[in-house]
>>> print(open('structure08.txt').read())   # compact mmCIF, C-alpha atoms
# COMPACT_ATOMS: atom_id res chain seq x y z
CA MET A 1 94.96 77.16 89.39
CA ASP A 2 95.93 80.70 90.10
CA PHE A 3 96.60 83.98 88.36
CA PHE A 4 100.09 82.84 87.52
CA SER A 5 98.97 79.94 85.36
CA SER A 6 96.84 82.45 83.47
CA MET A 7 99.91 84.61 82.97
CA ARG A 8 101.99 81.65 81.81
CA VAL A 9 99.29 80.74 79.29
CA SER A 10 99.27 84.32 77.99
CA ALA A 11 103.07 84.21 77.75
CA SER A 12 102.88 81.04 75.67
CA GLY A 13 100.35 82.85 73.45
CA LEU A 14 102.73 85.80 73.04
CA ASP A 15 105.52 83.44 72.10
CA ALA A 16 103.35 81.58 69.57
CA GLN A 17 102.09 84.80 67.96
CA ASN A 18 105.65 86.09 67.85
CA LYS A 19 106.75 82.97 65.95
CA ARG A 20 103.72 83.28 63.68
CA MET A 21 104.72 86.88 62.95
CA ASN A 22 108.23 85.68 62.11
CA THR A 23 106.95 83.19 59.53
CA ILE A 24 104.68 85.85 58.01
CA SER A 25 107.67 88.20 57.70
CA SER A 26 109.65 85.39 56.13
CA ASN A 27 106.84 84.74 53.65
CA ILE A 28 106.56 88.42 52.67
CA ALA A 29 110.33 88.86 52.40
CA ASN A 30 110.58 85.79 50.17
CA SER A 31 107.54 86.43 47.99
CA GLU A 32 109.82 86.76 44.93
CA THR A 33 112.50 84.24 45.91
CA THR A 34 113.09 81.68 43.19
CA ARG A 35 115.91 79.85 44.93
CA GLY A 36 114.68 78.51 48.21
CA VAL A 37 116.57 76.36 50.67
CA GLY A 38 116.75 72.87 49.15
CA GLY A 39 116.17 74.02 45.56
CA GLY A 40 113.10 75.30 43.75
CA PRO A 41 111.16 78.44 44.63
CA TYR A 42 110.55 79.47 48.24
CA ARG A 43 107.53 77.74 49.70
CA ARG A 44 105.10 79.55 51.94
CA LYS A 45 105.44 78.58 55.62
CA ASP A 46 102.78 78.28 58.26
CA PRO A 47 103.23 77.65 61.98
CA VAL A 48 101.24 74.74 63.43
CA LEU A 49 99.88 75.61 66.87
CA ALA A 50 99.01 72.98 69.45
CA ALA A 51 97.41 73.34 72.87
CA GLN A 52 99.57 72.30 75.76
CA THR A 53 98.70 71.71 79.39
CA ASP A 54 100.20 74.41 81.55
CA ARG A 55 103.03 73.17 83.70
CA GLU A 56 104.85 75.48 86.03
CA SER A 57 108.11 73.61 86.28
CA PHE A 58 109.48 70.17 85.73
CA GLY A 59 108.39 67.77 88.44
CA GLU A 60 105.17 69.59 89.16
CA ILE A 61 102.18 67.34 89.57
CA LEU A 62 98.86 68.43 88.17
CA GLN A 63 96.42 68.90 90.97
CA ASN A 64 93.07 68.25 89.35
CA ALA A 65 91.04 68.18 86.18
CA ILE A 66 90.69 71.96 86.14
CA ASP A 67 94.46 72.36 85.99
CA GLU A 68 94.58 69.95 83.12
CA ASN A 69 92.12 72.06 81.18
CA ILE A 70 94.18 75.22 81.45
CA GLN A 71 96.16 74.97 78.30
CA GLY A 72 98.82 77.14 76.80
CA VAL A 73 99.80 77.12 73.17
CA GLN A 74 102.96 76.00 71.47
CA VAL A 75 104.34 76.04 67.95
CA VAL A 76 104.96 72.36 67.29
CA GLU A 77 106.22 72.69 63.71
CA ILE A 78 106.52 75.06 60.79
CA ALA A 79 104.66 73.42 57.93
CA GLU A 80 105.24 74.20 54.27
CA ASP A 81 102.28 75.17 52.13
CA GLU A 82 101.64 72.42 49.58
CA ARG A 83 100.07 74.69 47.00
CA ALA A 84 101.81 74.58 43.60
CA PRO A 85 104.21 77.42 42.74
CA LYS A 86 102.90 80.19 40.52
CA MET A 87 104.19 79.87 36.97
CA VAL A 88 105.09 83.26 35.50
CA TYR A 89 106.19 83.67 31.90
CA ASN A 90 109.56 85.43 31.95
CA PRO A 91 112.00 83.84 29.48
CA HIS A 92 114.88 86.18 30.43
CA HIS A 93 114.88 85.08 34.04
CA PRO A 94 117.94 82.94 34.88
CA ASP A 95 115.66 80.37 36.56
CA ALA A 96 113.22 80.10 33.67
CA ASN A 97 112.51 76.61 32.39
CA GLY A 98 112.71 75.46 28.76
CA GLU A 99 109.31 76.96 27.94
CA GLY A 100 110.22 80.34 29.43
CA TYR A 101 108.18 79.96 32.65
CA VAL A 102 109.61 80.77 36.07
CA ALA A 103 108.31 78.99 39.17
CA MET A 104 107.54 81.76 41.67
CA PRO A 105 106.80 81.23 45.40
CA ASN A 106 103.22 80.27 46.33
CA VAL A 107 102.96 83.38 48.52
CA ASN A 108 99.96 85.66 48.22
CA PRO A 109 100.91 89.04 49.77
CA VAL A 110 97.27 89.94 50.45
CA GLU A 111 96.78 86.73 52.42
CA GLU A 112 99.97 87.44 54.36
CA MET A 113 98.80 90.95 55.25
CA ALA A 114 95.52 89.54 56.55
CA ASN A 115 97.41 86.96 58.62
CA MET A 116 99.69 89.70 59.91
CA ILE A 117 96.74 91.72 61.20
CA SER A 118 95.35 88.57 62.80
CA ALA A 119 98.69 87.83 64.50
CA GLN A 120 98.94 91.41 65.70
CA ARG A 121 95.45 91.37 67.19
CA SER A 122 96.06 88.01 68.86
CA TYR A 123 99.31 89.32 70.33
CA GLU A 124 97.49 92.37 71.69
CA ALA A 125 94.76 90.14 73.13
CA ASN A 126 97.39 88.07 74.96
CA VAL A 127 99.07 91.21 76.31
CA THR A 128 95.67 92.43 77.53
CA ALA A 129 94.89 89.06 79.12
CA MET A 130 98.22 89.03 80.94
CA GLY A 131 97.71 92.59 82.09
CA ALA A 132 94.23 91.72 83.34
CA ALA A 133 95.51 88.72 85.31
CA LYS A 134 98.23 90.88 86.84
CA GLN A 135 95.75 93.60 87.73
CA MET A 136 93.38 91.07 89.30
CA ALA A 137 96.17 89.67 91.45
CA GLN A 138 97.14 93.17 92.54
CA LYS A 139 93.53 93.99 93.33
CA ALA A 140 93.37 90.86 95.50
CA LEU A 141 96.23 92.34 97.52
CA GLU A 142 94.06 95.32 98.30
CA ILE A 143 91.45 93.22 100.10
CA GLY A 144 90.85 94.94 103.41
CA ARG A 145 93.13 97.87 102.69
CA MET B 146 118.64 87.49 112.49
CA ALA B 147 115.28 87.68 110.83
CA ASP B 148 113.23 85.89 113.44
CA SER B 149 115.09 86.84 116.60
CA GLY B 150 112.48 87.68 119.18
CA PHE B 151 109.76 87.87 116.54
CA ASP B 152 107.15 85.59 115.15
CA PRO B 153 108.71 82.95 112.82
CA ILE B 154 106.15 84.03 110.21
CA ILE B 155 107.70 87.49 110.10
CA GLY B 156 111.10 85.83 109.60
CA ALA B 157 109.66 83.68 106.81
CA LEU B 158 108.21 86.75 105.09
CA ASN B 159 111.56 88.52 105.39
CA THR B 160 113.36 85.53 103.86
CA SER B 161 110.80 85.30 101.09
CA LEU B 162 111.33 88.99 100.25
CA ASN B 163 115.09 88.38 100.03
CA LEU B 164 114.56 85.38 97.77
CA ARG B 165 112.12 87.24 95.53
CA LEU B 166 114.70 90.03 95.21
CA ALA B 167 117.29 87.45 94.13
CA ASN B 168 114.78 86.09 91.62
CA GLN B 169 114.13 89.59 90.24
CA ASN B 170 117.86 90.12 89.74
CA VAL B 171 118.19 86.85 87.82
CA ILE B 172 115.16 87.65 85.62
CA SER B 173 116.55 91.14 84.90
CA GLY B 174 119.82 89.49 83.90
CA ASN B 175 117.96 87.18 81.53
CA ILE B 176 116.05 90.03 79.92
CA ALA B 177 119.22 92.14 79.60
CA ASN B 178 120.90 89.22 77.84
CA ALA B 179 117.96 88.38 75.60
CA ASP B 180 120.14 89.15 72.54
CA THR B 181 123.48 87.90 73.81
CA PRO B 182 124.64 85.03 71.58
CA GLY B 183 125.11 81.79 73.50
CA TYR B 184 123.56 83.13 76.72
CA LYS B 185 121.63 80.49 78.64
CA ALA B 186 118.56 81.63 80.60
CA LYS B 187 118.88 81.17 84.36
CA LYS B 188 116.22 80.16 86.81
CA VAL B 189 115.87 80.53 90.55
CA GLU B 190 114.35 77.81 92.67
CA PHE B 191 113.73 78.28 96.36
CA GLU B 192 110.12 77.43 97.09
CA SER B 193 110.66 73.76 97.90
CA ALA B 194 113.58 74.66 100.20
CA LEU B 195 111.38 77.24 101.90
CA ARG B 196 108.58 74.68 102.26
CA ASP B 197 110.98 72.29 103.99
CA ALA B 198 112.28 75.06 106.24
CA LEU B 199 108.75 76.05 107.24
CA GLY B 200 107.79 72.44 107.94
CA ILE B 201 105.14 72.21 105.22
CA GLY B 202 107.35 70.37 102.76
CA ASP B 203 107.00 66.89 101.35
CA GLN B 204 109.70 65.44 103.58
CA LEU B 205 109.32 64.93 107.31
CA PRO B 206 110.81 67.68 109.44
CA VAL B 207 114.25 66.84 110.83
CA ALA B 208 114.59 66.79 114.60
CA ARG B 209 117.21 69.23 115.89
CA THR B 210 118.67 67.63 119.00
CA ASN B 211 121.89 69.59 119.07
CA PRO B 212 122.38 73.34 118.51
CA LYS B 213 125.13 72.49 116.01
CA HIS B 214 122.60 70.82 113.72
CA ILE B 215 121.38 72.71 110.70
CA ASN B 216 118.42 74.74 111.90
CA HIS B 217 115.48 73.27 110.06
CA GLY B 218 112.84 75.24 111.87
CA SER B 219 114.20 78.55 110.64
CA SER B 220 113.79 79.96 107.19
CA ASP B 221 116.91 82.13 107.59
CA ALA B 222 119.23 79.56 106.09
CA VAL B 223 117.27 79.09 102.86
CA GLU B 224 119.50 79.88 99.91
CA PRO B 225 118.18 80.28 96.36
CA ALA B 226 119.35 77.69 93.85
CA ILE B 227 120.33 79.40 90.59
CA PHE B 228 120.72 77.12 87.59
CA GLU B 229 120.45 77.16 83.82
CA ASP B 230 116.92 76.47 82.65
CA PRO B 231 117.02 72.86 81.37
CA ASN B 232 113.83 73.39 79.36
CA GLY B 233 115.19 76.35 77.43
CA VAL B 234 114.88 76.21 73.65
CA GLU B 235 117.98 77.39 71.83
CA SER B 236 117.54 79.94 69.09
CA LEU B 237 119.97 80.23 66.13
CA ASP B 238 122.57 82.14 68.16
CA GLY B 239 122.46 79.65 71.04
CA ASN B 240 120.43 81.97 73.29
CA THR B 241 117.72 80.32 75.41
CA VAL B 242 115.90 83.40 76.76
CA ASP B 243 112.15 83.39 76.17
CA ARG B 244 111.13 87.02 76.58
CA ALA B 245 107.42 86.36 77.08
CA ALA B 246 108.10 83.68 79.71
CA GLU B 247 110.54 86.00 81.49
CA MET B 248 107.97 88.79 81.54
CA SER B 249 105.34 86.47 82.98
CA ARG B 250 107.83 85.18 85.57
CA MET B 251 108.72 88.75 86.46
CA ALA B 252 105.06 89.71 86.88
CA GLU B 253 104.50 86.68 89.11
CA ASN B 254 107.56 87.52 91.19
CA GLN B 255 106.50 91.13 91.51
CA ILE B 256 103.00 90.21 92.66
CA LEU B 257 104.27 87.72 95.20
CA TYR B 258 106.76 90.32 96.46
CA ASP B 259 103.89 92.79 96.84
CA ALA B 260 101.87 90.08 98.58
CA ALA B 261 104.70 89.39 101.01
CA THR B 262 105.09 93.10 101.87
CA GLU B 263 101.34 93.40 102.29
CA MET B 264 101.22 90.39 104.62
CA LEU B 265 104.21 91.69 106.58
CA LYS B 266 102.41 95.00 106.98
CA LYS B 267 99.31 93.18 108.25
CA LYS B 268 101.25 90.99 110.71
CA LEU B 269 103.16 93.96 112.13
CA GLY B 270 99.94 95.95 112.22
CA MET B 271 98.24 93.28 114.32
CA LEU B 272 101.23 93.14 116.66
CA LYS B 273 101.22 96.91 117.07
CA TYR B 274 97.46 96.90 117.58
CA ALA B 275 97.81 94.41 120.43
CA ILE B 276 100.74 96.34 121.95
CA THR B 277 98.86 99.64 121.97
CA GLU B 278 95.76 97.86 123.38
CA GLY B 279 93.76 98.89 120.35
CA GLY B 280 94.30 102.54 121.09
CA GLY B 281 97.16 103.33 118.70
CA ASN B 282 96.69 105.47 115.63
CA HIS B 283 95.93 102.46 113.49
CA MET C 284 83.63 85.59 138.50
CA ALA C 285 83.35 88.04 135.66
CA ASN C 286 85.95 90.18 137.41
CA LEU C 287 88.39 87.32 137.53
CA THR C 288 87.97 86.62 133.83
CA VAL C 289 88.51 90.22 132.94
CA GLU C 290 91.69 90.31 134.96
CA SER C 291 93.01 87.14 133.41
CA LEU C 292 92.21 88.50 129.97
CA ASN C 293 94.03 91.68 130.81
CA ASN C 294 97.07 89.75 132.04
CA VAL C 295 97.31 87.72 128.89
CA ILE C 296 96.85 90.68 126.63
CA GLN C 297 99.44 92.71 128.48
CA SER C 298 101.94 89.85 128.11
CA GLY C 299 101.66 90.64 124.37
CA ASP C 300 101.42 87.05 123.27
CA VAL C 301 98.31 86.46 121.23
CA SER C 302 99.03 82.77 120.72
CA ARG C 303 99.05 82.13 124.46
CA MET C 304 95.76 83.92 124.94
CA TYR C 305 93.54 80.92 124.54
CA SER C 306 95.30 78.54 126.93
CA GLY C 307 95.84 81.41 129.38
CA THR C 308 92.24 82.40 129.72
CA GLU C 309 91.08 78.81 129.69
CA SER C 310 93.20 77.82 132.70
CA LEU C 311 92.37 80.98 134.59
CA SER C 312 88.67 80.74 133.99
CA ARG C 313 88.79 77.12 135.10
CA GLU C 314 90.42 78.27 138.33
CA SER C 315 87.77 80.90 138.80
CA ARG C 316 85.03 78.35 138.28
CA ALA C 317 86.63 76.00 140.79
CA GLY C 318 86.79 78.87 143.26
CA GLU C 319 83.06 79.38 143.04
CA GLY C 320 82.33 75.70 143.21
CA GLY C 321 80.94 75.65 139.68
CA GLN C 322 77.88 77.60 140.82
CA VAL C 323 76.76 80.39 138.59
CA SER C 324 73.79 82.54 139.43
CA GLY C 325 71.19 83.35 136.82
CA ALA C 326 72.18 86.99 136.59
CA GLN C 327 75.65 86.03 135.34
CA THR C 328 74.68 83.62 132.59
CA GLY C 329 74.84 84.65 128.96
CA GLY C 330 71.09 85.17 128.67
CA PRO C 331 68.39 83.17 126.92
CA SER C 332 70.43 82.64 123.75
CA ALA C 333 73.09 80.58 125.55
CA PRO C 334 71.44 78.52 128.28
CA GLY C 335 73.94 77.03 130.74
CA LYS C 336 76.81 78.99 129.28
CA THR C 337 78.60 81.41 131.53
CA PHE C 338 80.01 84.70 130.40
CA SER C 339 83.50 83.32 130.84
CA ASP C 340 82.65 80.34 128.60
CA ILE C 341 81.51 82.66 125.86
CA LEU C 342 84.59 84.78 126.30
CA THR C 343 86.86 81.74 126.25
CA ASP C 344 85.16 80.42 123.13
CA SER C 345 85.54 83.66 121.27
CA MET C 346 89.14 84.02 122.37
CA GLY C 347 89.76 80.52 121.08
CA LYS C 348 88.31 81.55 117.76
CA VAL C 349 90.47 84.66 117.58
CA ASN C 350 93.52 82.49 118.23
CA LEU C 351 92.39 79.91 115.68
CA TYR C 352 92.03 82.62 113.05
CA GLN C 353 95.53 83.82 113.87
CA HIS C 354 96.90 80.32 113.33
CA GLU C 355 94.94 79.95 110.12
CA ALA C 356 96.38 83.24 108.87
CA ASP C 357 99.90 82.08 109.74
CA THR C 358 99.40 78.82 107.86
CA ALA C 359 97.98 80.69 104.86
CA ILE C 360 100.98 83.05 104.84
CA LYS C 361 103.39 80.11 105.04
CA GLU C 362 101.67 78.37 102.14
CA LEU C 363 101.64 81.46 99.93
CA VAL C 364 105.25 82.36 100.71
CA ALA C 365 106.47 78.84 99.96
CA GLY C 366 104.42 78.46 96.80
CA ARG C 367 102.16 75.67 98.00
CA ASN C 368 99.03 77.69 97.42
CA LYS C 369 99.07 80.72 95.16
CA ASN C 370 95.55 81.98 95.74
CA ILE C 371 96.25 85.52 96.85
CA HIS C 372 92.63 86.41 97.52
CA GLU C 373 92.11 83.40 99.81
CA THR C 374 95.23 84.26 101.78
CA MET C 375 94.32 87.92 102.05
CA LEU C 376 90.80 87.04 103.21
CA THR C 377 92.16 84.68 105.86
CA ILE C 378 94.52 87.38 107.13
CA GLU C 379 91.77 89.96 107.05
CA ARG C 380 89.53 87.70 109.12
CA ALA C 381 92.29 87.27 111.69
CA ASP C 382 92.91 91.03 111.74
CA THR C 383 89.26 91.94 112.11
CA SER C 384 88.58 89.38 114.82
CA LEU C 385 91.65 90.56 116.75
CA LYS C 386 90.45 94.16 116.54
CA LEU C 387 86.95 93.19 117.63
CA MET C 388 88.37 91.20 120.52
CA MET C 389 90.51 94.15 121.61
CA GLN C 390 87.56 96.53 121.49
CA VAL C 391 85.39 94.13 123.49
CA ARG C 392 88.22 93.76 126.00
CA ASN C 393 88.47 97.54 126.31
CA LYS C 394 84.73 97.81 126.85
CA ILE C 395 84.82 95.09 129.54
CA LEU C 396 87.66 96.90 131.28
CA ASP C 397 85.71 100.15 131.17
CA ALA C 398 82.70 98.41 132.69
CA TYR C 399 84.87 96.83 135.37
CA LYS C 400 86.38 100.21 136.28
CA GLU C 401 82.91 101.72 136.32
CA ILE C 402 81.74 99.11 138.83
CA LEU C 403 84.92 99.63 140.88
CA ARG C 404 84.10 103.32 141.20
CA MET C 405 80.57 102.57 142.37
CA GLN C 406 79.73 103.90 145.88
CA VAL C 407 78.46 101.18 148.19
>>> encode(input="structure08.txt", output="structure tokens")
Amino acid sequence: MDFFSSMRVSASGLDAQNKRMNTISSNIANSETTRGVGGGPYRRKDPVLAAQTDRESFGEILQNAIDENIQGVQVVEIAEDERAPKMVYNPHHPDANGEGYVAMPNVNPVEEMANMISAQRSYEANVTAMGAAKQMAQKALEIGR
Amino acid sequence: MADSGFDPIIGALNTSLNLRLANQNVISGNIANADTPGYKAKKVEFESALRDALGIGDQLPVARTNPKHINHGSSDAVEPAIFEDPNGVESLDGNTVDRAAEMSRMAENQILYDAATEMLKKKLGMLKYAITEGGGNH
Amino acid sequence: MANLTVESLNNVIQSGDVSRMYSGTESLSRESRAGEGGQVSGAQTGGPSAPGKTFSDILTDSMGKVNLYQHEADTAIKELVAGRNKNIHETMLTIERADTSLKLMMQVRNKILDAYKEILRMQV
């Protein structure tokens, strides 16, 4: 329990939001991709975040219940969106099916933009939190100065 | 050299400043190589060695019955252990540097360096205060 | 008796070793008490707030505290430096307490010395 666990938690938040931003970029870049990895159209991806107890280094023993409740965040997996692909009528497309429909990715650009703003704000919040922890620690050094 | 004639605490603070400097150099190296393919992030570990040297470690202090024994009471001999981070997650290019974690480690190192200089200043200030019988320009 | 304590205090302080201050004054004040046969007149006691306590006892106690604070500060520094405890504010407060008590002790010592010199200059 110190300022440094707070900073490590913020760092894990930065990392998680960074990964989230990467998946959003991937979704936007592939919003028209009809040939995804493993066949079929690209499927929208979403990071799954999970809380994780802050541990400074391997071999460190948690001191008490408070330490156990200070939790960082981690991307545990990148899940694929199960929504059905959008069917667009375009008979001249090389990937069109027999009826002339093309399966397009299940990506909604508006949704991605909203998620992007959310990721950006969360990233900024983590930067601010880390800066605040750092400033508090530096203020503590000024005790009695 | 650090604690000759001085308080062992001042020697310990001096050693800790040296070790924090070494840590800063390693972290800078990691950040500089954040985009180097195949680079493995390095970590510095010295706190447990310093704990043992200062006699507040987990193991019992070793008696020094001969001057040729390794000096366990002094923090001078503490060397930083630099190793590849075993918990590093490899990205596509084989790089294991986590920028955010390095930044947080750097901030922690910086604050503890500042703390050590501040404490050194206080210790020397108290010494000088006693020497000048409270009359120095303090 | 008070004179003896002041001198012993002065000796210890001039030796520059704060950690030896407590044991130094304790032994010397014990000698001084033995020299007077343990008898202390009413005028030299610490006043109504400390019945039965001599001035030297009070002085020894407070010196012991100053020394204790110094040791506490040293331990706190050790623990912060070696990463056992990373509470910067606790460490800084402990050091600050040691610093302030040392300064107070030095000022009190200077005042006692001034008083002693004043009495020395007194015409009999």
>>> interface_residues(input="structure08.txt", of="chain A", to="chain C", cutoff="7 Å", atoms="all atoms listed in the file", output="list in words")
Asp2, Ala137, Ala140, Leu141, Ile143 and Gly144 of chain A
>>> closest_atom_pairs(input="structure08.txt", of="chain B", to="chain C", cutoff="6 Å", atoms="only C-alpha atoms", output="Markdown table")
| residue | atom | partner | partner_atom | distance |
| --- | --- | --- | --- | --- |
| B:Glu192 | CA | C:Ala365 | CA | 4.9 |
| B:Leu195 | CA | C:Ala365 | CA | 5.5 |
| B:Arg196 | CA | C:Ala365 | CA | 5.2 |
| B:Gly279 | CA | C:Met389 | CA | 5.9 |
>>> atom_distance(input="structure08.txt", atom1="atom CA of Ala194 of chain B", atom2="atom CA of Gln135 of chain A")
28.8 Å
>>> interface_residues(input="structure08.txt", of="chain B", to="chain A", cutoff="7 Å", atoms="all atoms listed in the file", output="PyMOL selection string")
chain B and resi 245-246+249+252-253+256+260
>>> write_last_selection(input="structure08.txt", atoms="C-alpha atoms", output="compact mmCIF listing (two decimals), in the coordinates of the input")
# COMPACT_ATOMS: atom_id res chain seq x y z
CA ALA B 245 107.42 86.36 77.08
CA ALA B 246 108.10 83.68 79.71
CA SER B 249 105.34 86.47 82.98
CA ALA B 252 105.06 89.71 86.88
CA GLU B 253 104.50 86.68 89.11
CA ILE B 256 103.00 90.21 92.66
CA ALA B 260 101.87 90.08 98.58
>>> axis_aligned_box(input="structure08.txt", around="segment 74-79 of chain A", padding_each_side="8 Å", output="AutoDock Vina command-line options")
--center_x 104.7 --center_y 74.2 --center_z 64.7 --size_x 19.6 --size_y 19.7 --size_z 29.5
